[in-house]
Structure formats: structure tokens, C-alpha cells
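One file, query-v7.json, carrying JSON, C-alpha atoms and all ligand atoms:
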[["chain", "number", "residue", "atom", "x", "y", "z"],
["K", 5, "MET", "CA", 110.83, 96.48, 135.62],
["K", 6, "SER", "CA", 113.51, 98.24, 133.61],
["K", 7, "ASN", "CA", 116.18, 97.44, 131.06],
["K", 8, "PRO", "CA", 117.79, 99.38, 128.18],
["K", 9, "VAL", "CA", 115.16, 98.28, 125.65],
["K", 10, "LEU", "CA", 112.23, 99.20, 127.88],
["K", 11, "GLU", "CA", 113.91, 102.51, 128.70],
["K", 12, "ALA", "CA", 114.38, 103.34, 125.01],
["K", 13, "ILE", "CA", 110.72, 102.56, 124.35],
["K", 14, "ALA", "CA", 109.61, 104.67, 127.31],
["K", 15, "GLN", "CA", 111.87, 107.63, 126.52],
["K", 16, "ARG", "CA", 111.21, 107.86, 122.75],
["K", 17, "ARG", "CA", 109.19, 110.88, 121.64],
["K", 18, "SER", "CA", 108.18, 112.36, 118.31],
["K", 19, "ASN", "CA", 110.64, 115.23, 118.06],
["K", 20, "ARG", "CA", 109.42, 118.05, 115.83],
["K", 21, "GLY", "CA", 112.51, 120.25, 115.54],
["K", 22, "TYR", "CA", 116.16, 119.49, 114.79],
["K", 23, "GLU", "CA", 119.62, 121.02, 114.75],
["K", 24, "ALA", "CA", 121.19, 121.28, 111.29],
["K", 25, "ARG", "CA", 124.07, 119.17, 112.69],
["K", 26, "PRO", "CA", 124.68, 116.22, 110.34],
["K", 27, "LEU", "CA", 124.74, 112.62, 111.49],
["K", 28, "SER", "CA", 127.92, 110.60, 111.14],
["K", 29, "THR", "CA", 128.26, 107.68, 108.75],
["K", 30, "ALA", "CA", 128.50, 105.38, 111.77],
["K", 31, "GLN", "CA", 125.21, 106.71, 113.15],
["K", 32, "ILE", "CA", 123.42, 106.28, 109.83],
["K", 33, "ASP", "CA", 124.89, 102.80, 109.40],
["K", 34, "ALA", "CA", 123.61, 101.85, 112.86],
["K", 35, "LEU", "CA", 120.10, 103.08, 111.99],
["K", 36, "LEU", "CA", 120.11, 101.11, 108.75],
["K", 37, "LYS", "CA", 121.42, 98.00, 110.50],
["K", 38, "ALA", "CA", 118.50, 98.23, 112.92],
["K", 39, "ALA", "CA", 116.16, 98.65, 109.95],
["K", 40, "VAL", "CA", 117.31, 95.59, 108.04],
["K", 41, "GLU", "CA", 117.39, 93.51, 111.22],
["K", 42, "SER", "CA", 113.63, 93.99, 111.56],
["K", 43, "PRO", "CA", 111.42, 90.95, 111.28],
["K", 44, "SER", "CA", 109.14, 90.67, 108.26],
["K", 45, "ALA", "CA", 106.38, 88.26, 107.29],
["K", 46, "ASN", "CA", 107.92, 85.14, 105.73],
["K", 47, "ASN", "CA", 111.21, 87.02, 105.94],
["K", 48, "ALA", "CA", 110.19, 88.66, 102.65],
["K", 49, "GLN", "CA", 111.92, 91.96, 103.48],
["K", 50, "PRO", "CA", 109.61, 93.70, 101.00],
["K", 51, "TRP", "CA", 111.04, 97.11, 101.83],
["K", 52, "HIS", "CA", 113.63, 99.55, 100.53],
["K", 53, "PHE", "CA", 115.32, 102.29, 102.54],
["K", 54, "THR", "CA", 116.38, 105.59, 101.01],
["K", 55, "VAL", "CA", 118.51, 107.90, 103.13],
["K", 56, "VAL", "CA", 117.94, 111.52, 102.09],
["K", 57, "ARG", "CA", 120.29, 114.29, 103.20],
["K", 58, "ASP", "CA", 119.43, 116.63, 100.32],
["K", 59, "ALA", "CA", 117.60, 119.54, 101.97],
["K", 60, "ALA", "CA", 116.49, 120.96, 98.62],
["K", 61, "LEU", "CA", 114.82, 117.68, 97.65],
["K", 62, "LEU", "CA", 113.11, 117.49, 101.04],
["K", 63, "ALA", "CA", 111.86, 121.06, 100.51],
["K", 64, "GLU", "CA", 110.38, 120.03, 97.15],
["K", 65, "ILE", "CA", 108.61, 117.04, 98.69],
["K", 66, "ASN", "CA", 107.37, 119.26, 101.52],
["K", 67, "ALA", "CA", 106.01, 121.84, 99.07],
["K", 68, "GLU", "CA", 104.21, 119.20, 97.01],
["K", 69, "ALA", "CA", 102.71, 117.47, 100.07],
["K", 70, "SER", "CA", 101.64, 120.85, 101.43],
["K", 71, "GLN", "CA", 99.94, 121.78, 98.19],
["K", 72, "ARG", "CA", 98.20, 118.45, 97.78],
["K", 73, "LEU", "CA", 96.98, 118.43, 101.36],
["K", 74, "GLY", "CA", 95.70, 121.98, 100.92],
["K", 75, "ARG", "CA", 97.50, 123.06, 104.04],
["K", 76, "ASN", "CA", 100.43, 125.37, 104.52],
["K", 77, "LEU", "CA", 102.71, 122.89, 106.24],
["K", 78, "ALA", "CA", 105.82, 124.73, 107.41],
["K", 79, "ASP", "CA", 108.10, 121.72, 107.17],
["K", 80, "ILE", "CA", 106.86, 118.16, 107.41],
["K", 81, "PHE", "CA", 110.50, 117.11, 107.99],
["K", 82, "PHE", "CA", 111.08, 119.60, 110.85],
["K", 83, "GLY", "CA", 114.56, 120.56, 109.62],
["K", 84, "ALA", "CA", 115.98, 117.10, 110.25],
["K", 85, "PRO", "CA", 119.39, 116.48, 108.63],
["K", 86, "VAL", "CA", 118.41, 112.93, 107.66],
["K", 87, "VAL", "CA", 115.12, 111.47, 106.50],
["K", 88, "ILE", "CA", 114.84, 107.76, 105.76],
["K", 89, "PHE", "CA", 112.07, 106.90, 103.31],
["K", 90, "ILE", "CA", 110.75, 103.37, 103.33],
["K", 91, "SER", "CA", 109.09, 102.16, 100.16],
["K", 92, "ALA", "CA", 107.49, 98.77, 99.80],
["K", 93, "ASP", "CA", 106.40, 96.32, 97.18],
["K", 94, "PRO", "CA", 102.61, 96.78, 96.92],
["K", 95, "SER", "CA", 102.19, 93.16, 95.86],
["K", 96, "SER", "CA", 103.43, 92.08, 99.27],
["K", 97, "ARG", "CA", 100.42, 91.49, 101.53],
["K", 98, "TRP", "CA", 102.43, 92.57, 104.57],
["K", 99, "GLY", "CA", 104.64, 95.21, 102.96],
["K", 100, "ARG", "CA", 103.22, 98.22, 104.76],
["K", 101, "LEU", "CA", 103.03, 96.43, 108.08],
["K", 102, "ASP", "CA", 106.61, 95.19, 107.72],
["K", 103, "SER", "CA", 107.66, 98.76, 106.90],
["K", 104, "GLY", "CA", 105.97, 99.92, 110.09],
["K", 105, "VAL", "CA", 107.90, 97.38, 112.10],
["K", 106, "ALA", "CA", 111.15, 98.54, 110.48],
["K", 107, "VAL", "CA", 110.44, 102.22, 111.07],
["K", 108, "GLU", "CA", 109.93, 101.58, 114.78],
["K", 109, "ASN", "CA", 113.23, 99.69, 114.89],
["K", 110, "ILE", "CA", 114.87, 102.82, 113.43],
["K", 111, "ALA", "CA", 113.10, 105.04, 115.97],
["K", 112, "LEU", "CA", 114.29, 102.91, 118.87],
["K", 113, "ALA", "CA", 117.80, 102.68, 117.46],
["K", 114, "ALA", "CA", 117.87, 106.47, 117.19],
["K", 115, "GLN", "CA", 116.73, 106.72, 120.79],
["K", 116, "GLY", "CA", 119.46, 104.32, 121.86],
["K", 117, "LEU", "CA", 122.06, 106.46, 120.05],
["K", 118, "GLY", "CA", 120.93, 109.60, 121.88],
["K", 119, "LEU", "CA", 119.18, 110.97, 118.79],
["K", 120, "GLY", "CA", 115.59, 112.01, 118.21],
["K", 121, "SER", "CA", 113.14, 110.99, 115.52],
["K", 122, "VAL", "CA", 109.63, 111.39, 114.21],
["K", 123, "ILE", "CA", 107.81, 108.86, 112.08],
["K", 124, "LEU", "CA", 106.18, 110.53, 109.06],
["K", 125, "GLY", "CA", 103.10, 109.57, 107.09],
["K", 126, "LEU", "CA", 102.41, 113.00, 105.61],
["K", 127, "PRO", "CA", 105.01, 112.71, 102.81],
["K", 128, "ASP", "CA", 102.66, 110.16, 101.24],
["K", 129, "ALA", "CA", 100.71, 113.06, 99.74],
["K", 130, "ALA", "CA", 103.71, 113.97, 97.57],
["K", 131, "PHE", "CA", 103.93, 110.45, 96.15],
["K", 132, "THR", "CA", 100.27, 110.02, 95.27],
["K", 133, "GLY", "CA", 100.08, 113.09, 93.01],
["K", 134, "PRO", "CA", 101.40, 113.84, 89.52],
["K", 135, "LYS", "CA", 104.94, 114.40, 90.77],
["K", 136, "GLY", "CA", 104.93, 111.04, 92.59],
["K", 137, "PRO", "CA", 106.71, 109.01, 89.90],
["K", 138, "ASP", "CA", 109.46, 111.61, 89.59],
["K", 139, "PHE", "CA", 109.99, 111.72, 93.35],
["K", 140, "ALA", "CA", 110.01, 107.90, 93.45],
["K", 141, "ARG", "CA", 112.68, 107.85, 90.73],
["K", 142, "ARG", "CA", 114.82, 110.48, 92.43],
["K", 143, "LEU", "CA", 114.52, 108.62, 95.73],
["K", 144, "LYS", "CA", 115.62, 105.43, 93.99],
["K", 145, "PHE", "CA", 112.51, 103.48, 94.93],
["K", 146, "PRO", "CA", 112.77, 100.08, 93.25],
["K", 147, "GLU", "CA", 110.49, 99.71, 90.22],
["K", 148, "GLY", "CA", 106.87, 99.46, 91.32],
["K", 149, "HIS", "CA", 107.56, 100.28, 94.96],
["K", 150, "ARG", "CA", 105.29, 102.74, 96.73],
["K", 151, "PHE", "CA", 105.96, 105.09, 99.60],
["K", 152, "ALA", "CA", 105.16, 103.33, 102.89],
["K", 153, "VAL", "CA", 106.42, 105.60, 105.66],
["K", 154, "ALA", "CA", 109.37, 107.85, 106.47],
["K", 155, "ILE", "CA", 111.29, 108.83, 109.57],
["K", 156, "ALA", "CA", 113.19, 112.03, 110.29],
["K", 157, "VAL", "CA", 116.24, 111.62, 112.52],
["K", 158, "GLY", "CA", 118.67, 114.05, 114.09],
["K", 159, "TYR", "CA", 119.68, 115.96, 117.18],
["K", 160, "PRO", "CA", 116.39, 117.29, 118.52],
["K", 161, "THR", "CA", 115.92, 120.89, 119.57],
["K", 162, "VAL", "CA", 112.51, 120.17, 121.07],
["K", 163, "THR", "CA", 110.91, 117.39, 122.98],
["K", 164, "LYS", "CA", 107.47, 116.76, 124.43],
["K", 165, "GLU", "CA", 105.65, 114.90, 127.13],
["K", 166, "ALA", "CA", 104.93, 111.24, 126.63],
["K", 167, "HIS", "CA", 101.60, 110.84, 124.83],
["K", 168, "PRO", "CA", 98.58, 110.22, 127.06],
["K", 169, "VAL", "CA", 97.77, 106.53, 126.93],
["K", 170, "ALA", "CA", 94.24, 105.84, 125.67],
["K", 171, "GLU", "CA", 92.03, 103.90, 128.07],
["K", 172, "GLY", "CA", 90.41, 100.58, 127.36],
["K", 173, "ARG", "CA", 92.85, 99.28, 124.76],
["K", 174, "ILE", "CA", 93.92, 96.19, 126.67],
["K", 175, "ASP", "CA", 92.00, 93.11, 127.74],
["K", 176, "PHE", "CA", 93.02, 89.82, 129.21],
["K", 177, "VAL", "CA", 91.27, 86.58, 128.41],
["K", 178, "GLU", "CA", 92.11, 83.83, 130.88],
["K", 201, "LIG", "C1", 102.42, 105.76, 110.91],
["K", 201, "LIG", "C2", 102.70, 107.07, 111.60],
["K", 201, "LIG", "C3", 102.64, 108.24, 110.86],
["K", 201, "LIG", "C4", 102.92, 109.47, 111.48],
["K", 201, "LIG", "N1", 102.97, 110.59, 110.72],
["K", 201, "LIG", "C5", 103.34, 111.76, 111.28],
["K", 201, "LIG", "C6", 103.52, 112.92, 110.48],
["K", 201, "LIG", "O1", 103.41, 112.90, 109.26],
["K", 201, "LIG", "N2", 103.89, 114.07, 111.11],
["K", 201, "LIG", "C7", 104.10, 114.12, 112.45],
["K", 201, "LIG", "O2", 104.43, 115.20, 112.96],
["K", 201, "LIG", "N3", 103.96, 113.05, 113.24],
["K", 201, "LIG", "C8", 103.59, 111.86, 112.70],
["K", 201, "LIG", "N4", 103.49, 110.73, 113.46],
["K", 201, "LIG", "C9", 103.81, 110.81, 114.90],
["K", 201, "LIG", "C10", 102.56, 110.68, 115.77],
["K", 201, "LIG", "O3", 101.81, 111.87, 115.69],
["K", 201, "LIG", "C11", 103.03, 110.38, 117.23],
["K", 201, "LIG", "O4", 103.65, 109.13, 117.25],
["K", 201, "LIG", "C12", 101.90, 110.39, 118.23],
["K", 201, "LIG", "O5", 101.30, 111.65, 118.33],
["K", 201, "LIG", "C13", 102.36, 109.95, 119.61],
["K", 201, "LIG", "O6", 103.39, 110.79, 120.09],
["K", 201, "LIG", "P1", 104.83, 110.21, 120.47],
["K", 201, "LIG", "O7", 105.41, 109.61, 119.22],
["K", 201, "LIG", "O8", 105.64, 111.37, 120.94],
["K", 201, "LIG", "O9", 104.64, 109.17, 121.52],
["K", 201, "LIG", "C14", 103.22, 109.50, 112.86],
["K", 201, "LIG", "C15", 103.26, 108.32, 113.60],
["K", 201, "LIG", "C16", 103.02, 107.12, 112.97],
["K", 201, "LIG", "C17", 103.13, 105.84, 113.79]]
So that I can check it, write out the structure of this file as C-alpha cells.
Amino acid sequence: MSNPVLEAIAQRRSNRGYEARPLSTAQIDALLKAAVESPSANNAQPWHFTVVRDAALLAEINAEASQRLGRNLADIFFGAPVVIFISADPSSRWGRLDSGVAVENIALAAQGLGLGSVILGLPDAAFTGPKGPDFARRLKFPEGHRFAVAIAVGYPTVTKEAHPVAEGRIDFVE
């Protein structure tokens, strides 16, 4: 069985290398439209999306995450021209889950637009340390919001095989 949605799901990969080529306003608008069209528990929409195209700021976040994780991470953003940070209201019971739904909508929208993406949890390390509040302010997180997840998007320079599917994760009860 095949259709454009199933094909986008099947073809999506985590791309870990990007051209410097910027995305157009129309492309970014389409990604954000897909994001805000995501479902959320009780339609609370407890998220906030910050589009970052400032490479120097991304480098600062990368350096801080690297240091806090105690690993020399070359670039957690893989040179992507655009990174969308999703922050969520921590008082929302479903905020992080809703953010995960939204980030996958962005990933599939990117796939549909012929772009690549990679969902990113590692930036969290930069927001949980002493510089976290300053990064949150500079990324215009609403007051009290916490980093939930991010996604790098761009024209990929690398791709990969589909991930091996783990066995035994599906049951039927009839
Ligand atoms: C919540 C979440 C956080 C992730 N964080 C990172 C990350 O920080 N860096 C990274 O390179 N990949 C990250 N990934 C990508 C996963 O490693 C990837 O989805 C997985 O290996 C399967 O590969 P595929 O996306 O190509 O199918 C993350 C994925 C998810 C869903």
C-alpha cells in the first residue's frame, strides 16, 4: 500500500550533514504551518517554536552542550541552516509529548518539501546548565517554558539507510 504520506514516512531519515544553502521564507512557513497543525492533548498547544538561523548562537549552544555532556561534539546541529527549537510549558501534563508530535510533523513536512531533517534531544544539555536561562531568553522561550526538543532542517549532504526495525514491538489482541 502506498500514498504520499506513507512514502514520506518511509523515506524520512535523520540527516547528519547539510549544505549552507538557506531555506526560503515559503519553506520555513510551510514547516511552521505543519507544526501548528499538529494535534495536542485537549488542544492545549502548550508549545512554542523558535526558528534559529543564527549560526553563531547555534555554535554557542553546541559548545555549552558539548561541555556539559563531557564530550567533544563536533556540531550537534550538523551545519543545518535552520534549527527549530520547541519549548513547552512544564505545567502541561502532555507538553513534551505534544512537542514530540509536532516535531515529527515538521520532519514529515520537510521530507515532503524535498528537505532533510534530524530531530535533536542533545541541545537539552545547554538549557539545563547555568547558561540555560540566558539561552532561553535569547531564543525567546515564553516565560517558564523549558526546552522540549529541536529539529535541524536543510538540504542534506548525507543520508543513511533506514533504521533496522526492532523485533517484538507489535502485538495484536483479538
Ligand atoms: C526525541 C529524539 C531525540 C533525538 N536526538 C538526537 C540527537 O540529539 N542527535 C542526533 O544525531 N540524532 C537524534 N535523534 C535521531 C535518532 O537517533 C534517529 O531517529 C534514530 O537513530 C533512527 O534513525 P532515523 O531517524 O534515520 O530513522 C533523536 C530522535 C528523537 C526521536
Closest atom pairs, residues of chain K within 6 Å of ligand LIG 201 (chain K), only C-alpha atoms and all ligand atoms, as a Markdown table:
| residue | atom | partner | partner_atom | distance |
| --- | --- | --- | --- | --- |
| K:Arg17 | CA | K:LIG201 | O8 | 3.7 |
| K:Ser18 | CA | K:LIG201 | O8 | 3.8 |
| K:Val122 | CA | K:LIG201 | C9 | 5.9 |
| K:Ile123 | CA | K:LIG201 | C14 | 4.7 |
| K:Leu124 | CA | K:LIG201 | N1 | 3.6 |
| K:Gly125 | CA | K:LIG201 | N1 | 3.8 |
| K:Leu126 | CA | K:LIG201 | O1 | 3.8 |
| K:Ala166 | CA | K:LIG201 | O9 | 5.5 |
| K:His167 | CA | K:LIG201 | O9 | 4.8 |
*Between K:Ala63, K:Ala92, K:Val162, K:Leu36, single out the one closest to Asp79 of chain K, counting all atoms listed in the file.*
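Closest candidate: K:Ala63.
Counting all atoms listed in the file and comparing K:Ile155, K:Leu10, K:Leu117, K:Val169, the residue that lies closest to Ala34 of chain K is K:Leu117.
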*Write out as a ChimeraX atom specification the residues lying within 12 Å of Asp33 of chain K, counting all atoms listed in the file and excluding same-chain residues fewer than 4 positions away.*
/K:27-29,37-40,53,55,88,110,113-114,117
*What's the 12 Å shell around Asn46 of chain K, counting all atoms listed in the file, without same-chain residues fewer than 2 positions away, as a VMD selection string?*
chain K and resid 43 to 44 48 to 50 96 to 99 102
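Considering all atoms listed in the file, the residue among K:Ala140, K:Leu119, K:Ile65, K:Val9 positioned nearest to Leu77 of chain K is K:Ile65.
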*Write out as a PyMOL selection string which residues come within 10 Å of Gly83 of chain K when counting only C-alpha atoms, dropping same-chain ones fewer than 2 positions away.*
chain K and resi 20-24+59+62-63+78-81+85-87+156-158+160
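From atom CA of His52 of chain K back to atom CA of Phe151 of chain K, the distance works out to 9.5 Å.
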*If you measure from atom CA of His149 of chain K to atom CA of Ile90 of chain K, what distance in Å do you get, rounded to one decimal?*
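Atom CA of Ile90 of chain K lies at a distance of 9.5 Å from atom CA of His149 of chain K.
With atom CA of Ala129 of chain K on one side and atom CA of Val105 of chain K on the other, the separation reads 21.2 Å.
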_Applying 10 Å and only C-alpha atoms, which residues near Gln115 of chain K remain after dropping the ones on its own chain fewer than 3 positions away? List them as a list of chain:residue names._
K:Val9, K:Glu11, K:Ala12, K:Ile13, K:Ala14, K:Gln15, K:Arg16, K:Arg17, K:Asn109, K:Ile110, K:Ala111, K:Leu112, K:Gly118, K:Leu119, K:Gly120, K:Ser121, K:Val157
*Tell me which of K:Ala67, K:Pro8, K:Ile32, K:Asp93 sits closest to Pro146 of chain K, counting all atoms listed in the file.*
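So, comparing all the options, the nearest one is K:Asp93.
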